[in-house]
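K.L.:
This is the structure, below, for whatever I ask next.
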Amino acid sequence: MAGQYLIGSSFLAVLLFSGFLDAILPVLQLRAVVGEIFLHELEREGFEDAFSSSTKNYEPPPIPPPITFHAKLLDHPDLPRWLRYIQRTPFQTGYLYGSATSKDIGKQTVEVTAYERYSYETVRQTMIISIVPSPDGEMPYQADFLVKNWNVEEVLPTDIQDLFRQAVDSMWEQEGLTVVNITSALDRGGRVPLPIENRKEGVYIKMGSKDPFTDCLTAAKSPDNLYRCKLEQQPVITCYDSFSPQFTIDWCNLTLIDLTKINTTETMLVYGDGVLEDGSEFNPPEDASDRSFFDDFLLTLLLPFLLGLLLCLLLAYIMCCRWEGVHKRDMKTSDIQMVHHHTIHDNTEELREMAETRDVPRPLSTLPMFNVRTGEMINPLQGSRYDSAQVPLILAQQ
């Protein structure tokens, strides 16, 4: 019985532990080309079907469950520097996008984990991205447009990219236009817009071509238009603005890049492997003169010691030699205060004695002349042998 109980407990523990294990989707093989935008859409439907069947026993919610994604490089805490992830809300689709460079050529493994907010289940999927060089090489002419009325996740779908490519094609008038990169304006130093309807973050879309820029694009960067941009005015476009009204372009932030005029030989750095060649060794210089550190020793140790000693002597003189004078001054000040106190006390006693012994008649203005109760008139000149000032007011009025 004990053995069967242990076997049953172990089986139950395995079942419970298996419920917390992540479901794993098949490995995806993706391909990224250097100099072109890479885009992968994290489809919610594929991850929803991969969640365990435990939640299917319940009645499905009226809206799809919220799902959030976390993407990172395998065995690393974050994505590679050329790859970005965006998902506006847990109810929207997530995107992996970016533009690889020649330094990233090779294979990179990205791990994506999906979290279902209602049941706290997770599904993982591994993606192997093969980064290959472009067969046509890097586009020598690139134009970077700032679209103010779109967010980055809104222009990532392929149909929106095709719509923007057509608008650029009508102004560039060249074939073979390529979307080189798409970057959020927030990643380029832009500000978060106010929470007002139809306010967008903005997005930078970089287009590339093998053909030079047209006069329409170069005129947007003319000195007159640059001066108008300094005055915060829109530049004058000589050709038809094919972007309006779908795309609002900030022509003052248009950047034209001509890679044919950049001398790469001057800026190219050659890195070694950090290992000396065979037979070579480091030879330090032999003609270095000896240096004496005695002066530095005196300056570092003796100078603070002398300053501290001087301060101690000064404090000893103040506390010991000046104590008698300070004590005498304090005693003198105390004696003056006591004499002043006794003088005030003696004057007060003298005034009280004079008030008790006075025998002078009261002023006529203070004598009662009319009795309110009896109506009797009193002669103010009538003498009195006693001082009426010492008679209570009630008795004086009777």
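Residues are named by chain letter and number: chains run A, B, ... in the order of the structure tokens, numbers start at 1 in each chain, and ligands are numbered from 1 in the order shown.
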Using DSSP assignments from the backbone, pull out every residue in segment 81-195 of chain A that falls under helix (DSSP H, G or I) and give it to me as a ChimeraX atom specification.
P.N.:
/A:102-104,152-155,158-172,185-188
K.L.:
What would the file look like if the residues just selected were written as a compact mmCIF listing (two decimals), in the first residue's frame with C-alpha atoms?
P.N.:
```txt
# COMPACT_ATOMS: atom_id res chain seq x y z
CA SER A 102 27.47 43.79 -42.31
CA LYS A 103 28.78 43.22 -38.76
CA ASP A 104 25.76 41.04 -37.99
CA VAL A 152 5.86 52.63 -36.06
CA GLU A 153 3.61 49.57 -35.66
CA GLU A 154 1.14 51.06 -38.17
CA VAL A 155 3.65 51.25 -41.03
CA THR A 158 3.60 45.08 -45.96
CA ASP A 159 0.67 46.85 -47.62
CA ILE A 160 1.47 50.13 -45.83
CA GLN A 161 5.12 49.83 -46.88
CA ASP A 162 4.05 49.31 -50.49
CA LEU A 163 1.81 52.38 -50.29
CA PHE A 164 4.68 54.50 -48.99
CA ARG A 165 7.05 53.08 -51.62
CA GLN A 166 4.67 54.14 -54.36
CA ALA A 167 4.54 57.67 -52.96
CA VAL A 168 8.34 57.88 -52.91
CA ASP A 169 8.57 56.38 -56.39
CA SER A 170 6.44 59.17 -57.84
CA MET A 171 8.93 61.76 -56.52
CA TRP A 172 12.18 59.83 -56.95
CA ALA A 185 10.63 58.84 -33.68
CA LEU A 186 10.90 58.15 -29.94
CA ASP A 187 14.10 56.17 -30.59
CA ARG A 188 15.53 59.20 -32.39
```
K.L.:
Quick one: residues within 9 Å of Leu39 of chain A, only C-alpha atoms, excluding same-chain residues fewer than 5 positions away - as a tab-separated table (two decimals) with all heavy atoms, in the first residue's frame?
P.N.:
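Output contents, as saved in result-v4.tsv:
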```
chain	number	residue	atom	x	y	z
A	32	ALA	N	17.25	37.31	-43.09
A	32	ALA	CA	17.38	38.76	-43.08
A	32	ALA	C	18.51	39.16	-44.03
A	32	ALA	O	19.56	38.52	-44.04
A	32	ALA	CB	17.65	39.29	-41.68
A	95	TYR	N	5.45	42.72	-33.30
A	95	TYR	CA	6.33	42.70	-34.47
A	95	TYR	C	7.79	42.68	-34.01
A	95	TYR	O	8.17	43.35	-33.05
A	95	TYR	CB	6.12	43.93	-35.35
A	95	TYR	CG	4.77	44.00	-36.02
A	95	TYR	CD1	3.73	44.71	-35.42
A	95	TYR	CD2	4.52	43.37	-37.23
A	95	TYR	CE1	2.48	44.79	-36.03
A	95	TYR	CE2	3.29	43.45	-37.84
A	95	TYR	CZ	2.26	44.16	-37.23
A	95	TYR	OH	1.03	44.22	-37.84
A	96	LEU	N	8.59	41.91	-34.74
A	96	LEU	CA	10.04	41.97	-34.67
A	96	LEU	C	10.53	42.61	-35.95
A	96	LEU	O	10.22	42.13	-37.05
A	96	LEU	CB	10.65	40.57	-34.51
A	96	LEU	CG	10.47	39.88	-33.16
A	96	LEU	CD1	10.99	38.45	-33.22
A	96	LEU	CD2	11.19	40.65	-32.06
A	97	TYR	N	11.28	43.70	-35.84
A	97	TYR	CA	11.70	44.42	-37.04
A	97	TYR	C	13.07	45.03	-36.78
A	97	TYR	O	13.51	45.20	-35.65
A	97	TYR	CB	10.70	45.52	-37.40
A	97	TYR	CG	10.65	46.66	-36.42
A	97	TYR	CD1	11.30	47.86	-36.66
A	97	TYR	CD2	9.95	46.55	-35.21
A	97	TYR	CE1	11.28	48.90	-35.76
A	97	TYR	CE2	9.91	47.59	-34.31
A	97	TYR	CZ	10.57	48.76	-34.59
A	97	TYR	OH	10.53	49.79	-33.69
A	98	GLY	N	13.74	45.35	-37.87
A	98	GLY	CA	15.06	45.97	-37.78
A	98	GLY	C	15.81	45.83	-39.08
A	98	GLY	O	15.33	45.19	-40.05
A	99	SER	N	16.99	46.42	-39.12
A	99	SER	CA	17.84	46.38	-40.31
A	99	SER	C	19.23	45.94	-39.89
A	99	SER	O	19.92	46.65	-39.13
A	99	SER	CB	17.89	47.76	-40.99
A	99	SER	OG	18.70	47.72	-42.14
A	156	LEU	N	4.45	49.06	-40.27
A	156	LEU	CA	5.18	47.81	-40.44
A	156	LEU	C	4.49	46.82	-41.37
A	156	LEU	O	5.18	46.06	-42.06
A	156	LEU	CB	5.43	47.16	-39.08
A	156	LEU	CG	6.46	47.85	-38.19
A	156	LEU	CD1	6.57	47.15	-36.84
A	156	LEU	CD2	7.82	47.92	-38.87
A	157	PRO	N	3.16	46.75	-41.43
A	157	PRO	CA	2.55	45.82	-42.40
A	157	PRO	C	3.00	46.08	-43.83
A	157	PRO	O	3.31	47.21	-44.23
A	157	PRO	CB	1.05	46.09	-42.22
A	157	PRO	CG	0.92	46.58	-40.82
A	157	PRO	CD	2.16	47.39	-40.57
A	158	THR	N	3.05	45.00	-44.61
A	158	THR	CA	3.60	45.08	-45.96
A	158	THR	C	2.79	46.00	-46.86
A	158	THR	O	3.37	46.74	-47.68
A	158	THR	CB	3.68	43.68	-46.57
A	158	THR	OG1	4.36	42.80	-45.67
A	158	THR	CG2	4.42	43.70	-47.89
```
K.L.:
Could you tell me, as number ranges by chain, which residues of segment 98-257 of chain A DSSP assigns to strand (DSSP E) when given the backbone?
P.N.:
A: 98-99, 106-116, 121-132, 141-147, 178-184, 203-209, 255-257
K.L.:
Which residue gives the smallest distance to Pro140 of chain A among A:Asn347, A:Gln246, A:Gln174, A:Thr260, with only C-alpha atoms counted?
P.N.:
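Of A:Asn347, A:Gln246, A:Gln174, A:Thr260, the one nearest Pro140 of chain A is A:Thr260, counting only C-alpha atoms.
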K.L.:
Please list as a PyMOL selection string every residue within 12 Å of Thr178 of chain A, counting only C-alpha atoms and excluding residues in the same chain fewer than 6 positions away.
P.N.:
chain A and resi 33-38+99+134+136-144+161-162+164-166+168-169+205-211
K.L.:
Nearest to Arg84 of chain A among A:Leu146, A:Ala23, A:Leu254, A:Ala71, with distances taken over only C-alpha atoms: which residue is it?
P.N.:
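For Arg84 of chain A, the nearest of the given residues is A:Ala71.
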K.L.:
Of the residues A:Cys229, A:Ile67, A:Leu314, A:Leu351, which is the one nearest to Tyr115 of chain A, using only C-alpha atoms?
P.N.:
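Residue with the minimum atom-to-atom distance to Tyr115 of chain A: A:Ile67.
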K.L.:
Given only C-alpha atoms as the basis, pick out the residue of A:Gly202, A:Pro284, A:Gly94, A:Pro66 nearest to Ile182 of chain A.
P.N.:
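Nearest candidate to Ile182 of chain A out of A:Gly202, A:Pro284, A:Gly94, A:Pro66: A:Gly202.
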K.L.:
Applying 7 Å and only C-alpha atoms, which residues near Gly106 of chain A remain after dropping the ones on its own chain fewer than 3 positions away? List them as a PyMOL selection string.
P.N.:
chain A and resi 130-132
K.L.:
Generate a file of the selected residues that holds all heavy atoms, formatted as a compact mmCIF listing (two decimals), in the first residue's frame.
P.N.:
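Writing the result to part-v2.txt gives the following:
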```txt
# COMPACT_ATOMS: atom_id res chain seq x y z
N SER A 130 18.91 33.87 -40.20
CA SER A 130 20.13 33.82 -41.01
C SER A 130 20.32 35.18 -41.68
O SER A 130 19.51 35.58 -42.53
CB SER A 130 20.04 32.71 -42.05
OG SER A 130 19.86 31.45 -41.42
N ILE A 131 21.38 35.87 -41.34
CA ILE A 131 21.67 37.19 -41.89
C ILE A 131 22.68 37.04 -43.02
O ILE A 131 23.79 36.54 -42.80
CB ILE A 131 22.20 38.13 -40.79
CG1 ILE A 131 21.21 38.19 -39.62
CG2 ILE A 131 22.45 39.53 -41.34
CD1 ILE A 131 21.72 38.95 -38.42
N VAL A 132 22.27 37.44 -44.20
CA VAL A 132 23.10 37.28 -45.39
C VAL A 132 23.33 38.64 -46.02
O VAL A 132 22.53 39.56 -45.85
CB VAL A 132 22.42 36.32 -46.40
CG1 VAL A 132 22.26 34.94 -45.80
CG2 VAL A 132 21.07 36.88 -46.84
```
K.L.:
Just to confirm, what's the straight-line distance from atom CA of Pro80 of chain A to atom CA of Ala114 of chain A in Å (one decimal)?
P.N.:
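Interatomic distance, atom CA of Pro80 of chain A to atom CA of Ala114 of chain A: 19.0 Å.
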K.L.:
Hey, what's within 8 Å of Leu74 of chain A if we count only C-alpha atoms and toss same-chain stuff fewer than 6 positions away? As JSON, numbers by chain, please?
P.N.:
{"A": [109, 110, 111]}
K.L.:
Please report the interatomic distance between atom CA of Met127 of chain A and atom CA of Ile63 of chain A in Å with one decimal.
P.N.:
28.6 Å
K.L.:
What does the distance between atom CA of Arg199 of chain A and atom CA of Asn149 of chain A come to in Å, to one decimal place?
P.N.:
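Those two atoms sit 7.2 Å apart.
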